[in-house]
>>> print(open('work.cif').read())   # mmCIF, C-alpha atoms
data_target
loop_
_atom_site.label_atom_id
_atom_site.label_comp_id
_atom_site.auth_asym_id
_atom_site.auth_seq_id
_atom_site.Cartn_x
_atom_site.Cartn_y
_atom_site.Cartn_z
CA MET N 20 -37.03 153.52 95.10
CA THR N 21 -36.91 150.58 97.50
CA MET N 22 -37.89 147.39 95.73
CA THR N 23 -40.27 144.98 97.43
CA LYS N 24 -39.43 141.28 97.49
CA PRO N 25 -41.58 139.23 95.13
CA ILE N 26 -44.27 137.15 96.77
CA THR N 27 -43.46 133.46 96.49
CA ALA N 28 -46.22 131.10 97.55
CA ALA N 29 -43.88 128.11 97.62
CA LEU N 30 -41.99 129.58 100.57
CA MET N 31 -45.11 130.00 102.68
CA PRO N 32 -46.65 127.43 105.03
CA PRO N 33 -49.43 125.56 103.22
CA PRO N 34 -52.96 126.79 103.93
CA PRO N 35 -55.57 124.53 105.52
CA ALA N 36 -57.59 122.36 103.16
CA ARG N 37 -60.82 124.12 104.23
CA THR N 38 -61.57 127.23 102.20
CA GLY N 39 -64.56 128.90 103.83
CA PHE N 40 -66.65 129.31 106.93
CA GLY N 41 -70.37 129.25 107.38
CA GLU N 42 -72.39 132.39 107.90
CA LEU N 43 -72.27 134.18 111.25
CA ARG N 44 -75.51 135.92 112.23
CA ALA N 45 -76.44 138.87 114.41
CA GLY N 46 -80.19 139.36 114.10
CA GLN N 47 -81.08 140.06 110.48
CA LEU N 48 -77.43 140.66 109.56
CA GLY N 49 -75.01 137.92 108.52
CA VAL N 50 -71.37 137.78 107.45
CA ARG N 51 -69.78 135.21 105.12
CA ILE N 52 -67.48 134.85 102.12
CA ALA N 53 -68.93 135.52 98.65
CA THR N 54 -69.61 132.30 96.76
CA THR N 55 -70.84 133.49 93.35
CA ASP N 56 -69.81 135.94 90.65
CA ALA N 57 -73.08 137.81 91.21
CA GLU N 58 -72.20 138.39 94.86
CA ARG N 59 -68.70 139.58 94.01
CA GLU N 60 -70.11 141.95 91.40
CA ALA N 61 -72.64 143.28 93.92
CA ALA N 62 -69.79 143.96 96.37
CA GLN N 63 -67.92 145.85 93.63
CA ALA N 64 -71.07 147.87 92.86
CA LEU N 65 -71.39 148.77 96.55
CA ARG N 66 -67.75 149.87 96.56
CA TYR N 67 -68.40 152.04 93.51
CA ARG N 68 -71.37 153.79 95.12
CA ILE N 69 -69.40 154.54 98.28
CA PHE N 70 -65.93 155.28 96.92
CA TYR N 71 -66.89 157.10 93.71
CA ASP N 72 -70.42 158.46 94.13
CA GLU N 73 -70.13 159.32 97.82
CA MET N 74 -66.45 159.94 98.54
CA GLY N 75 -65.36 161.52 95.26
CA ALA N 76 -62.95 158.92 93.85
CA VAL N 77 -62.13 159.35 90.15
CA PRO N 78 -63.03 156.31 87.99
CA ASP N 79 -61.21 155.29 84.83
CA GLU N 80 -63.29 154.55 81.73
CA ARG N 81 -63.66 150.84 82.50
CA VAL N 82 -64.81 151.42 86.07
CA ARG N 83 -67.17 154.24 85.08
CA ALA N 84 -68.81 152.16 82.35
CA ALA N 85 -69.32 149.17 84.65
CA ARG N 86 -70.23 151.25 87.72
CA ARG N 87 -68.21 148.73 89.69
CA ASP N 88 -64.96 149.29 91.57
CA VAL N 89 -62.84 146.53 90.11
CA ASP N 90 -59.15 145.72 89.63
CA MET N 91 -56.90 142.71 89.09
CA PHE N 92 -56.83 141.79 92.78
CA ASP N 93 -60.56 141.07 92.85
CA ASP N 94 -60.11 137.91 90.78
CA VAL N 95 -57.76 136.30 93.30
CA ALA N 96 -59.24 137.68 96.54
CA ASP N 97 -61.85 136.38 98.94
CA HIS N 98 -64.67 138.89 99.41
CA LEU N 99 -66.16 139.10 102.90
CA LEU N 100 -69.80 140.19 102.82
CA VAL N 101 -72.22 141.63 105.35
CA ILE N 102 -75.76 140.75 104.30
CA ASP N 103 -79.05 142.20 105.49
CA HIS N 104 -81.42 139.26 105.13
CA ALA N 105 -84.40 141.60 105.36
CA ARG N 106 -83.32 142.86 101.91
CA GLY N 107 -82.31 139.47 100.53
CA SER N 108 -79.96 136.56 101.17
CA GLY N 109 -77.90 137.03 97.99
CA PRO N 110 -76.56 140.00 96.03
CA ARG N 111 -79.53 142.25 96.88
CA GLY N 112 -78.80 141.98 100.59
CA ILE N 113 -75.11 142.99 100.51
CA ILE N 114 -74.55 146.08 102.65
CA GLY N 115 -70.86 145.74 103.55
CA THR N 116 -67.70 144.17 102.19
CA TYR N 117 -63.98 143.65 102.83
CA ARG N 118 -61.43 142.31 100.34
CA LEU N 119 -59.03 139.62 101.66
CA VAL N 120 -55.82 138.63 99.85
CA GLN N 121 -53.59 135.81 101.11
CA ASN N 122 -50.00 134.91 100.19
CA GLU N 123 -50.93 132.52 97.38
CA ALA N 124 -53.35 135.02 95.84
CA ALA N 125 -50.69 137.73 95.83
CA ALA N 126 -48.22 135.29 94.31
CA ARG N 127 -50.52 134.78 91.33
CA ILE N 128 -50.27 138.50 90.55
CA GLY N 129 -46.72 138.97 91.80
CA ARG N 130 -47.42 141.51 94.54
CA PHE N 131 -49.81 142.79 97.17
CA TYR N 132 -51.86 145.91 96.48
CA THR N 133 -50.20 147.73 99.41
CA ALA N 134 -46.83 147.46 97.62
CA ASP N 135 -48.01 150.23 95.26
CA GLU N 136 -47.70 152.65 98.18
CA TYR N 137 -45.41 151.04 100.77
CA ASP N 138 -42.21 149.05 101.06
CA ILE N 139 -43.65 145.91 102.67
CA SER N 140 -40.45 143.83 102.67
CA THR N 141 -40.36 143.76 106.47
CA ILE N 142 -43.46 141.56 106.50
CA THR N 143 -43.17 139.68 103.21
CA GLY N 144 -40.05 138.18 104.79
CA PHE N 145 -42.02 137.35 107.93
CA PRO N 146 -42.04 133.59 108.73
CA GLY N 147 -45.79 133.17 108.78
CA ARG N 148 -48.99 133.60 106.84
CA LEU N 149 -50.09 137.06 105.71
CA LEU N 150 -53.50 138.54 104.99
CA GLU N 151 -53.94 141.86 103.20
CA LEU N 152 -57.15 143.71 104.04
CA GLY N 153 -58.57 146.33 101.70
CA ARG N 154 -61.56 147.93 99.99
CA SER N 155 -63.62 148.03 103.18
CA CYS N 156 -66.96 149.79 103.03
CA ILE N 157 -70.43 149.72 104.57
CA ASP N 158 -73.63 151.19 103.17
CA ARG N 159 -74.43 154.60 104.67
CA GLN N 160 -77.63 153.32 106.32
CA TYR N 161 -75.72 150.63 108.26
CA ARG N 162 -72.71 152.51 109.61
CA GLY N 163 -73.37 151.77 113.22
CA ARG N 164 -71.58 149.40 115.53
CA ALA N 165 -73.46 146.24 114.49
CA ALA N 166 -72.27 145.97 110.88
CA MET N 167 -68.64 146.88 111.63
CA GLN N 168 -68.47 144.47 114.54
CA LEU N 169 -69.90 141.72 112.36
CA LEU N 170 -67.19 142.38 109.76
CA TRP N 171 -64.53 141.95 112.45
CA ARG N 172 -66.15 138.71 113.61
CA GLY N 173 -65.97 137.46 110.04
CA ILE N 174 -62.31 138.42 109.80
CA ALA N 175 -61.62 136.63 113.10
CA ALA N 176 -63.20 133.44 111.77
CA TYR N 177 -61.25 133.73 108.51
CA VAL N 178 -57.98 134.34 110.37
CA PHE N 179 -58.57 131.30 112.57
CA LEU N 180 -59.52 129.09 109.63
CA HIS N 181 -56.49 130.01 107.51
CA ARG N 182 -54.02 130.31 110.40
CA ILE N 183 -53.10 133.89 109.51
CA ASP N 184 -50.24 135.39 111.53
CA VAL N 185 -50.18 139.02 110.38
CA MET N 186 -52.80 141.25 108.78
CA PHE N 187 -51.92 144.47 107.00
CA GLY N 188 -53.21 146.99 104.50
CA CYS N 189 -53.86 150.64 103.79
CA ALA N 190 -56.42 152.59 105.81
CA SER N 191 -57.66 155.96 104.63
CA LEU N 192 -58.21 159.43 106.01
CA PRO N 193 -60.55 161.62 103.92
CA GLY N 194 -59.05 164.17 101.54
CA THR N 195 -55.68 164.71 99.91
CA ASP N 196 -54.40 167.77 101.80
CA PRO N 197 -52.04 166.70 104.62
CA ALA N 198 -52.28 170.21 106.09
CA ARG N 199 -55.89 169.43 107.05
CA LEU N 200 -54.82 166.16 108.70
CA GLU N 201 -51.84 167.41 110.70
CA ALA N 202 -53.20 166.42 114.11
CA GLU N 203 -54.37 162.97 112.99
CA LEU N 204 -51.10 162.08 111.25
CA THR N 205 -48.97 163.37 114.12
CA PHE N 206 -51.11 161.49 116.66
CA LEU N 207 -50.81 158.21 114.76
CA TYR N 208 -47.05 158.52 114.35
CA HIS N 209 -46.27 159.37 117.98
CA ASN N 210 -48.75 156.97 119.59
CA HIS N 211 -49.01 153.95 117.30
CA LEU N 212 -45.83 153.67 115.19
CA ALA N 213 -45.02 150.04 114.42
CA PRO N 214 -41.85 148.47 115.86
CA PRO N 215 -39.05 148.19 113.27
CA ALA N 216 -39.67 144.49 112.58
CA LEU N 217 -43.24 145.20 111.44
CA ARG N 218 -42.88 148.77 110.17
CA LEU N 219 -44.06 149.42 106.63
CA ARG N 220 -42.53 152.52 105.05
CA ALA N 221 -44.06 154.70 102.37
CA LEU N 222 -42.16 154.46 99.09
CA PRO N 223 -39.70 157.37 98.84
CA SER N 224 -41.46 158.79 95.79
CA ARG N 225 -44.79 158.88 97.65
CA HIS N 226 -43.74 159.53 101.24
CA VAL N 227 -45.64 162.24 103.13
CA GLU N 228 -44.18 163.17 106.52
CA MET N 229 -46.50 162.35 109.41
CA ARG N 230 -44.66 164.33 112.10
CA ARG N 231 -46.33 167.65 111.33
CA LEU N 232 -47.05 169.21 114.74
CA ASP N 233 -45.55 169.42 118.20
CA PRO N 234 -47.28 166.50 119.99
CA ALA N 235 -47.96 168.77 122.95
CA SER N 236 -49.80 171.33 120.82
CA PHE N 237 -53.13 169.50 120.33
CA ASP N 238 -55.72 167.44 122.19
CA HIS N 239 -54.85 163.77 121.66
CA ARG N 240 -58.16 162.45 123.00
CA ARG N 241 -60.20 164.63 120.67
CA THR N 242 -57.94 163.75 117.74
CA GLN N 243 -58.32 160.03 118.42
CA GLN N 244 -62.11 160.41 118.49
CA SER N 245 -62.01 162.15 115.09
CA LEU N 246 -60.25 159.26 113.34
CA PRO N 247 -62.25 157.18 110.81
CA PRO N 248 -64.01 154.18 112.43
CA LEU N 249 -61.89 151.66 110.52
CA ILE N 250 -58.61 153.12 111.80
CA LYS N 251 -60.00 153.26 115.34
CA GLY N 252 -60.98 149.61 114.99
CA TYR N 253 -57.43 148.61 114.04
CA LEU N 254 -56.01 150.59 116.95
CA ARG N 255 -58.40 148.95 119.44
CA LEU N 256 -56.99 145.61 118.34
CA GLY N 257 -53.47 146.80 119.06
CA GLY N 258 -52.66 147.60 115.44
CA PHE N 259 -49.59 149.57 114.45
CA ILE N 260 -49.13 152.36 111.90
CA GLY N 261 -46.35 152.50 109.29
CA ASP N 262 -43.90 155.33 108.68
CA GLY N 263 -45.19 157.89 106.21
CA ALA N 264 -48.57 158.68 104.71
CA VAL N 265 -49.40 158.41 100.99
CA ILE N 266 -51.72 160.62 98.93
CA ASP N 267 -54.14 158.59 96.80
CA ARG N 268 -55.63 161.12 94.40
CA GLN N 269 -57.73 158.54 92.56
CA PHE N 270 -59.62 157.70 95.76
CA ASN N 271 -59.46 161.21 97.24
CA THR N 272 -57.77 159.95 100.41
CA THR N 273 -54.60 160.12 102.48
CA ASP N 274 -53.52 156.58 103.32
CA VAL N 275 -51.63 155.13 106.26
CA ALA N 276 -50.29 151.59 106.50
CA VAL N 277 -51.65 149.35 109.28
CA VAL N 278 -50.24 146.08 110.65
CA VAL N 279 -52.00 143.81 113.18
CA LYS N 280 -50.67 140.66 114.83
CA THR N 281 -53.64 138.32 114.52
CA ASP N 282 -53.37 136.79 117.97
CA LEU N 283 -54.85 140.08 119.16
CA ILE N 284 -57.98 139.83 117.01
CA THR N 285 -58.54 136.11 117.55
CA ASP N 286 -58.14 136.45 121.31
CA LYS N 287 -60.60 139.36 121.42
CA TYR N 288 -63.30 137.80 119.28
CA TYR N 289 -62.99 134.17 120.34
CA ARG N 290 -63.26 135.25 123.94
CA HIS N 291 -66.67 136.78 123.19
CA TYR N 292 -67.97 134.57 120.36
CA GLU N 293 -66.18 131.24 120.76
CA ARG N 294 -69.20 128.98 120.24
CA GLN N 295 -70.59 130.83 117.21
CA LEU N 296 -67.20 131.12 115.52
CA ARG N 297 -66.27 127.49 116.06
CA GLU N 298 -69.64 126.31 114.78
CA ALA N 299 -69.18 128.45 111.66
CA ILE N 300 -65.99 126.64 110.60
CA TYR N 301 -66.55 123.65 108.37
#
>>> encode(input="work.cif", output="structure tokens")
Amino acid sequence: MTMTKPITAALMPPPPARTGFGELRAGQLGVRIATTDAEREAAQALRYRIFYDEMGAVPDERVRAARRDVDMFDDVADHLLVIDHARGSGPRGIIGTYRLVQNEAAARIGRFYTADEYDISTITGFPGRLLELGRSCIDRQYRGRAAMQLLWRGIAAYVFLHRIDVMFGCASLPGTDPARLEAELTFLYHNHLAPPALRLRALPSRHVEMRRLDPASFDHRRTQQSLPPLIKGYLRLGGFIGDGAVIDRQFNTTDVAVVVKTDLITDKYYRHYERQLREAIY
């Protein structure tokens, strides 16, 4: 097995002194970082309802008893929240979330979550600041464009505030049978494979080959349209896919690694929302 370099915060550029941004609004919806334990716990409860109740993930005893999706990374992460103010401005209003882990947070644990599935040494040696994205979900009633776009605006503000250079993480396709995902995996490999300097590789013990079909044997446009919205969002930002998929039986998914240079996301969102995003930084 390829060993991943340990994460050492001391070798990374220091983060800005500011630690948060104000809320960004789009009508009754807002996006901001969680500020209380109650909000973080509400985000974990939302994750449980979506990942376990809806998508068929298998909880351990601790998670089942709490009815919250929780692990060690939650204590060191920032939790981005989408809030429907018509339901409430605190925990009751949380309808979407994204977990954000920076270099220093990973250093406190000794690794990034993605390192459980991928050799990430190509980017942990990268001379810049990293941000791991994970545990993204939106309540079923809000899975239109507005909530997802607001999440990306929040990420853009966070990236700008903390001077993030590269974002990465695992994105999921539904199910654990690669034979049912042959077109999607083949499409991602042949059209969006990361360049060697940014290419994450599935750990040898977990590697699932993505080149499963002749690229000329299926409709690429239809396959792209069938991808999960989160993966399509990464690709629209110019994101790259790693080499090899990974079966995650606990979460009932097939994962792919994604890497995004953050100048792409900040350029896209600051071009459209420059005034709102700049006013949100404090």
>>> atom_distance(input="work.cif", atom1="atom CA of N:Ile266", atom2="atom CA of N:Val227")
7.6 Å
>>> closest_residue(input="work.cif", among="N:Ile139, N:Leu150, N:Ile52, N:Ala134", to="N:Gly115", atoms="all atoms listed in the file")
N:Ile52
>>> resolve_selection(input="work.cif", expression="the PyMOL selection byres ((chain N and resi 217) around 10)", output="compact mmCIF listing (two decimals) with C-alpha atoms, keeping the file's coordinate frame")
# COMPACT_ATOMS: atom_id res chain seq x y z
CA ILE N 139 -43.65 145.91 102.67
CA SER N 140 -40.45 143.83 102.67
CA THR N 141 -40.36 143.76 106.47
CA ILE N 142 -43.46 141.56 106.50
CA THR N 143 -43.17 139.68 103.21
CA PHE N 145 -42.02 137.35 107.93
CA VAL N 185 -50.18 139.02 110.38
CA PHE N 187 -51.92 144.47 107.00
CA LEU N 212 -45.83 153.67 115.19
CA ALA N 213 -45.02 150.04 114.42
CA PRO N 214 -41.85 148.47 115.86
CA PRO N 215 -39.05 148.19 113.27
CA ALA N 216 -39.67 144.49 112.58
CA ARG N 218 -42.88 148.77 110.17
CA LEU N 219 -44.06 149.42 106.63
CA ARG N 220 -42.53 152.52 105.05
CA PHE N 259 -49.59 149.57 114.45
CA ILE N 260 -49.13 152.36 111.90
CA GLY N 261 -46.35 152.50 109.29
CA VAL N 277 -51.65 149.35 109.28
CA VAL N 278 -50.24 146.08 110.65
CA VAL N 279 -52.00 143.81 113.18
CA LYS N 280 -50.67 140.66 114.83
>>> resolve_selection(input="work.cif", expression="the PyMOL selection byres ((chain N and resi 161) around 12)", output="ChimeraX atom specification")
/N:48,101-103,112-116,156-160,162-170
>>> write_last_selection(input="work.cif", atoms="C-alpha atoms", output="short mmCIF file (atom, residue, chain, number, x, y, z; two decimals), in the frame of the given file")
data_model
loop_
_atom_site.label_atom_id
_atom_site.label_comp_id
_atom_site.auth_asym_id
_atom_site.auth_seq_id
_atom_site.Cartn_x
_atom_site.Cartn_y
_atom_site.Cartn_z
CA LEU N 48 -77.43 140.66 109.56
CA VAL N 101 -72.22 141.63 105.35
CA ILE N 102 -75.76 140.75 104.30
CA ASP N 103 -79.05 142.20 105.49
CA GLY N 112 -78.80 141.98 100.59
CA ILE N 113 -75.11 142.99 100.51
CA ILE N 114 -74.55 146.08 102.65
CA GLY N 115 -70.86 145.74 103.55
CA THR N 116 -67.70 144.17 102.19
CA CYS N 156 -66.96 149.79 103.03
CA ILE N 157 -70.43 149.72 104.57
CA ASP N 158 -73.63 151.19 103.17
CA ARG N 159 -74.43 154.60 104.67
CA GLN N 160 -77.63 153.32 106.32
CA ARG N 162 -72.71 152.51 109.61
CA GLY N 163 -73.37 151.77 113.22
CA ARG N 164 -71.58 149.40 115.53
CA ALA N 165 -73.46 146.24 114.49
CA ALA N 166 -72.27 145.97 110.88
CA MET N 167 -68.64 146.88 111.63
CA GLN N 168 -68.47 144.47 114.54
CA LEU N 169 -69.90 141.72 112.36
CA LEU N 170 -67.19 142.38 109.76
#
>>> resolve_selection(input="work.cif", expression="the PyMOL selection byres ((chain N and resi 269) around 12)", output="ChimeraX atom specification")
/N:70-71,74-79,82,88,194-195,265-268,270-274
>>> residues_around(input="work.cif", residues="N:Asp233", least_positions_apart="2", cutoff="12 Å", atoms="all atoms listed in the file", output="list in words")
Glu201, Ala202, Leu204, Thr205, Phe206, Tyr208, His209, Met229, Arg230, Arg231, Ala235, Ser236, Phe237, Asp238 and His239 of chain N
>>> write_last_selection(input="work.cif", atoms="C-alpha atoms", output="mmCIF file, keeping the file's coordinate frame")
data_model
loop_
_atom_site.group_PDB
_atom_site.id
_atom_site.type_symbol
_atom_site.label_atom_id
_atom_site.label_comp_id
_atom_site.auth_asym_id
_atom_site.auth_seq_id
_atom_site.Cartn_x
_atom_site.Cartn_y
_atom_site.Cartn_z
ATOM 1 C CA GLU N 201 -51.840 167.410 110.700
ATOM 2 C CA ALA N 202 -53.200 166.420 114.110
ATOM 3 C CA LEU N 204 -51.100 162.080 111.250
ATOM 4 C CA THR N 205 -48.970 163.370 114.120
ATOM 5 C CA PHE N 206 -51.110 161.490 116.660
ATOM 6 C CA TYR N 208 -47.050 158.520 114.350
ATOM 7 C CA HIS N 209 -46.270 159.370 117.980
ATOM 8 C CA MET N 229 -46.500 162.350 109.410
ATOM 9 C CA ARG N 230 -44.660 164.330 112.100
ATOM 10 C CA ARG N 231 -46.330 167.650 111.330
ATOM 11 C CA ALA N 235 -47.960 168.770 122.950
ATOM 12 C CA SER N 236 -49.800 171.330 120.820
ATOM 13 C CA PHE N 237 -53.130 169.500 120.330
ATOM 14 C CA ASP N 238 -55.720 167.440 122.190
ATOM 15 C CA HIS N 239 -54.850 163.770 121.660
#
>>> axis_aligned_box(input="work.cif", around="stretch 162-169 of chain N", padding_each_side="4 Å", output="lines of an AutoDock Vina configuration file")
center_x = -71.0
center_y = 147.1
center_z = 112.6
size_x = 13.0
size_y = 18.8
size_z = 13.9
>>> closest_residue(input="work.cif", among="N:Pro234, N:Gly49, N:Pro197, N:Gly263", to="N:Arg172", atoms="all atoms listed in the file")
N:Gly49
>>> residues_around(input="work.cif", residues="N:Arg86", least_positions_apart="5", cutoff="8 Å", atoms="all atoms listed in the file", output="list in words")
Ala64, Tyr67 and Arg68 of chain N
>>> atom_distance(input="work.cif", atom1="atom CA of N:Glu58", atom2="atom CA of N:Ile250")
26.2 Å
>>> closest_residue(input="work.cif", among="N:Thr55, N:Asn210, N:Ser224, N:Thr281", to="N:Asp94", atoms="only C-alpha atoms")
N:Thr55
>>> residues_around(input="work.cif", residues="N:Thr133", least_positions_apart="2", cutoff="7 Å", atoms="all atoms listed in the file", output="PyMOL selection string")
chain N and resi 131+135-137+188-189
>>> atom_distance(input="work.cif", atom1="atom CA of N:Val275", atom2="atom CA of N:Asp262")
8.1 Å
>>> closest_residue(input="work.cif", among="N:Glu60, N:Gly46, N:Ala190, N:Asp72", to="N:Gly252", atoms="only C-alpha atoms")
N:Ala190
>>> residues_around(input="work.cif", residues="N:Asp56", least_positions_apart="3", cutoff="12 Å", atoms="all atoms listed in the file", output="MDAnalysis selection string")
chainID N and resid 52:53 59:63 93:94 97:98 109:110
>>> build_atoms(input="work.cif", residues="stretch 90-119 of chain N", atoms="N, CA and C atoms", output="PDB file, in the frame of the given file")
ATOM      1  N   ASP N  90     -60.527 145.761  90.103  1.00  0.00           N
ATOM      2  CA  ASP N  90     -59.150 145.720  89.630  1.00  0.00           C
ATOM      3  C   ASP N  90     -58.679 144.266  89.600  1.00  0.00           C
ATOM      4  N   MET N  91     -57.412 144.062  89.274  1.00  0.00           N
ATOM      5  CA  MET N  91     -56.900 142.710  89.090  1.00  0.00           C
ATOM      6  C   MET N  91     -56.913 141.882  90.368  1.00  0.00           C
ATOM      7  N   PHE N  92     -56.872 142.519  91.516  1.00  0.00           N
ATOM      8  CA  PHE N  92     -56.830 141.790  92.780  1.00  0.00           C
ATOM      9  C   PHE N  92     -58.166 141.129  93.107  1.00  0.00           C
ATOM     10  N   ASP N  93     -59.255 141.649  92.550  1.00  0.00           N
ATOM     11  CA  ASP N  93     -60.560 141.070  92.850  1.00  0.00           C
ATOM     12  C   ASP N  93     -60.675 139.625  92.397  1.00  0.00           C
ATOM     13  N   ASP N  94     -59.996 139.272  91.314  1.00  0.00           N
ATOM     14  CA  ASP N  94     -60.110 137.910  90.780  1.00  0.00           C
ATOM     15  C   ASP N  94     -59.431 136.864  91.656  1.00  0.00           C
ATOM     16  N   VAL N  95     -58.477 137.278  92.476  1.00  0.00           N
ATOM     17  CA  VAL N  95     -57.760 136.300  93.300  1.00  0.00           C
ATOM     18  C   VAL N  95     -58.121 136.412  94.780  1.00  0.00           C
ATOM     19  N   ALA N  96     -58.917 137.412  95.135  1.00  0.00           N
ATOM     20  CA  ALA N  96     -59.240 137.680  96.540  1.00  0.00           C
ATOM     21  C   ALA N  96     -60.454 136.878  97.000  1.00  0.00           C
ATOM     22  N   ASP N  97     -60.591 136.748  98.315  1.00  0.00           N
ATOM     23  CA  ASP N  97     -61.850 136.380  98.940  1.00  0.00           C
ATOM     24  C   ASP N  97     -62.566 137.672  99.307  1.00  0.00           C
ATOM     25  N   HIS N  98     -63.897 137.682  99.136  1.00  0.00           N
ATOM     26  CA  HIS N  98     -64.670 138.890  99.410  1.00  0.00           C
ATOM     27  C   HIS N  98     -65.604 138.609 100.585  1.00  0.00           C
ATOM     28  N   LEU N  99     -65.321 139.242 101.716  1.00  0.00           N
ATOM     29  CA  LEU N  99     -66.160 139.100 102.900  1.00  0.00           C
ATOM     30  C   LEU N  99     -67.377 140.007 102.742  1.00  0.00           C
ATOM     31  N   LEU N 100     -68.551 139.474 103.024  1.00  0.00           N
ATOM     32  CA  LEU N 100     -69.800 140.190 102.820  1.00  0.00           C
ATOM     33  C   LEU N 100     -70.589 140.307 104.117  1.00  0.00           C
ATOM     34  N   VAL N 101     -71.184 141.479 104.339  1.00  0.00           N
ATOM     35  CA  VAL N 101     -72.220 141.630 105.350  1.00  0.00           C
ATOM     36  C   VAL N 101     -73.547 141.707 104.603  1.00  0.00           C
ATOM     37  N   ILE N 102     -74.487 140.877 105.011  1.00  0.00           N
ATOM     38  CA  ILE N 102     -75.760 140.750 104.300  1.00  0.00           C
ATOM     39  C   ILE N 102     -76.911 141.065 105.230  1.00  0.00           C
ATOM     40  N   ASP N 103     -77.806 141.935 104.769  1.00  0.00           N
ATOM     41  CA  ASP N 103     -79.050 142.200 105.490  1.00  0.00           C
ATOM     42  C   ASP N 103     -80.114 141.279 104.901  1.00  0.00           C
ATOM     43  N   HIS N 104     -80.482 140.254 105.646  1.00  0.00           N
ATOM     44  CA  HIS N 104     -81.420 139.260 105.130  1.00  0.00           C
ATOM     45  C   HIS N 104     -82.836 139.819 104.991  1.00  0.00           C
ATOM     46  N   ALA N 105     -83.101 140.963 105.587  1.00  0.00           N
ATOM     47  CA  ALA N 105     -84.400 141.600 105.360  1.00  0.00           C
ATOM     48  C   ALA N 105     -84.499 142.138 103.933  1.00  0.00           C
ATOM     49  N   ARG N 106     -83.355 142.386 103.299  1.00  0.00           N
ATOM     50  CA  ARG N 106     -83.320 142.860 101.910  1.00  0.00           C
ATOM     51  C   ARG N 106     -83.152 141.703 100.939  1.00  0.00           C
ATOM     52  N   GLY N 107     -82.557 140.621 101.389  1.00  0.00           N
ATOM     53  CA  GLY N 107     -82.310 139.470 100.530  1.00  0.00           C
ATOM     54  C   GLY N 107     -81.118 138.695 101.034  1.00  0.00           C
ATOM     55  N   SER N 108     -81.050 137.407 100.687  1.00  0.00           N
ATOM     56  CA  SER N 108     -79.960 136.560 101.170  1.00  0.00           C
ATOM     57  C   SER N 108     -78.814 136.429 100.182  1.00  0.00           C
ATOM     58  N   GLY N 109     -78.947 137.050  99.008  1.00  0.00           N
ATOM     59  CA  GLY N 109     -77.900 137.030  97.990  1.00  0.00           C
ATOM     60  C   GLY N 109     -77.404 138.423  97.685  1.00  0.00           C
ATOM     61  N   PRO N 110     -77.127 138.705  96.421  1.00  0.00           N
ATOM     62  CA  PRO N 110     -76.560 140.000  96.030  1.00  0.00           C
ATOM     63  C   PRO N 110     -77.375 141.208  96.507  1.00  0.00           C
ATOM     64  N   ARG N 111     -78.706 141.107  96.489  1.00  0.00           N
ATOM     65  CA  ARG N 111     -79.530 142.250  96.880  1.00  0.00           C
ATOM     66  C   ARG N 111     -79.337 142.653  98.334  1.00  0.00           C
ATOM     67  N   GLY N 112     -78.916 141.709  99.162  1.00  0.00           N
ATOM     68  CA  GLY N 112     -78.800 141.980 100.590  1.00  0.00           C
ATOM     69  C   GLY N 112     -77.443 142.491 101.034  1.00  0.00           C
ATOM     70  N   ILE N 113     -76.474 142.629 100.123  1.00  0.00           N
ATOM     71  CA  ILE N 113     -75.110 142.990 100.510  1.00  0.00           C
ATOM     72  C   ILE N 113     -75.032 144.454 100.908  1.00  0.00           C
ATOM     73  N   ILE N 114     -74.627 144.701 102.159  1.00  0.00           N
ATOM     74  CA  ILE N 114     -74.550 146.080 102.650  1.00  0.00           C
ATOM     75  C   ILE N 114     -73.160 146.423 103.188  1.00  0.00           C
ATOM     76  N   GLY N 115     -72.234 145.478 103.125  1.00  0.00           N
ATOM     77  CA  GLY N 115     -70.860 145.740 103.550  1.00  0.00           C
ATOM     78  C   GLY N 115     -69.935 144.721 102.945  1.00  0.00           C
ATOM     79  N   THR N 116     -68.655 145.093 102.792  1.00  0.00           N
ATOM     80  CA  THR N 116     -67.700 144.170 102.190  1.00  0.00           C
ATOM     81  C   THR N 116     -66.283 144.513 102.618  1.00  0.00           C
ATOM     82  N   TYR N 117     -65.414 143.515 102.537  1.00  0.00           N
ATOM     83  CA  TYR N 117     -63.980 143.650 102.830  1.00  0.00           C
ATOM     84  C   TYR N 117     -63.255 142.698 101.890  1.00  0.00           C
ATOM     85  N   ARG N 118     -62.182 143.158 101.270  1.00  0.00           N
ATOM     86  CA  ARG N 118     -61.430 142.310 100.340  1.00  0.00           C
ATOM     87  C   ARG N 118     -60.223 141.705 101.066  1.00  0.00           C
ATOM     88  N   LEU N 119     -60.050 140.370 100.935  1.00  0.00           N
ATOM     89  CA  LEU N 119     -59.030 139.620 101.660  1.00  0.00           C
ATOM     90  C   LEU N 119     -58.101 138.931 100.663  1.00  0.00           C
TER      91      LEU N 119
END
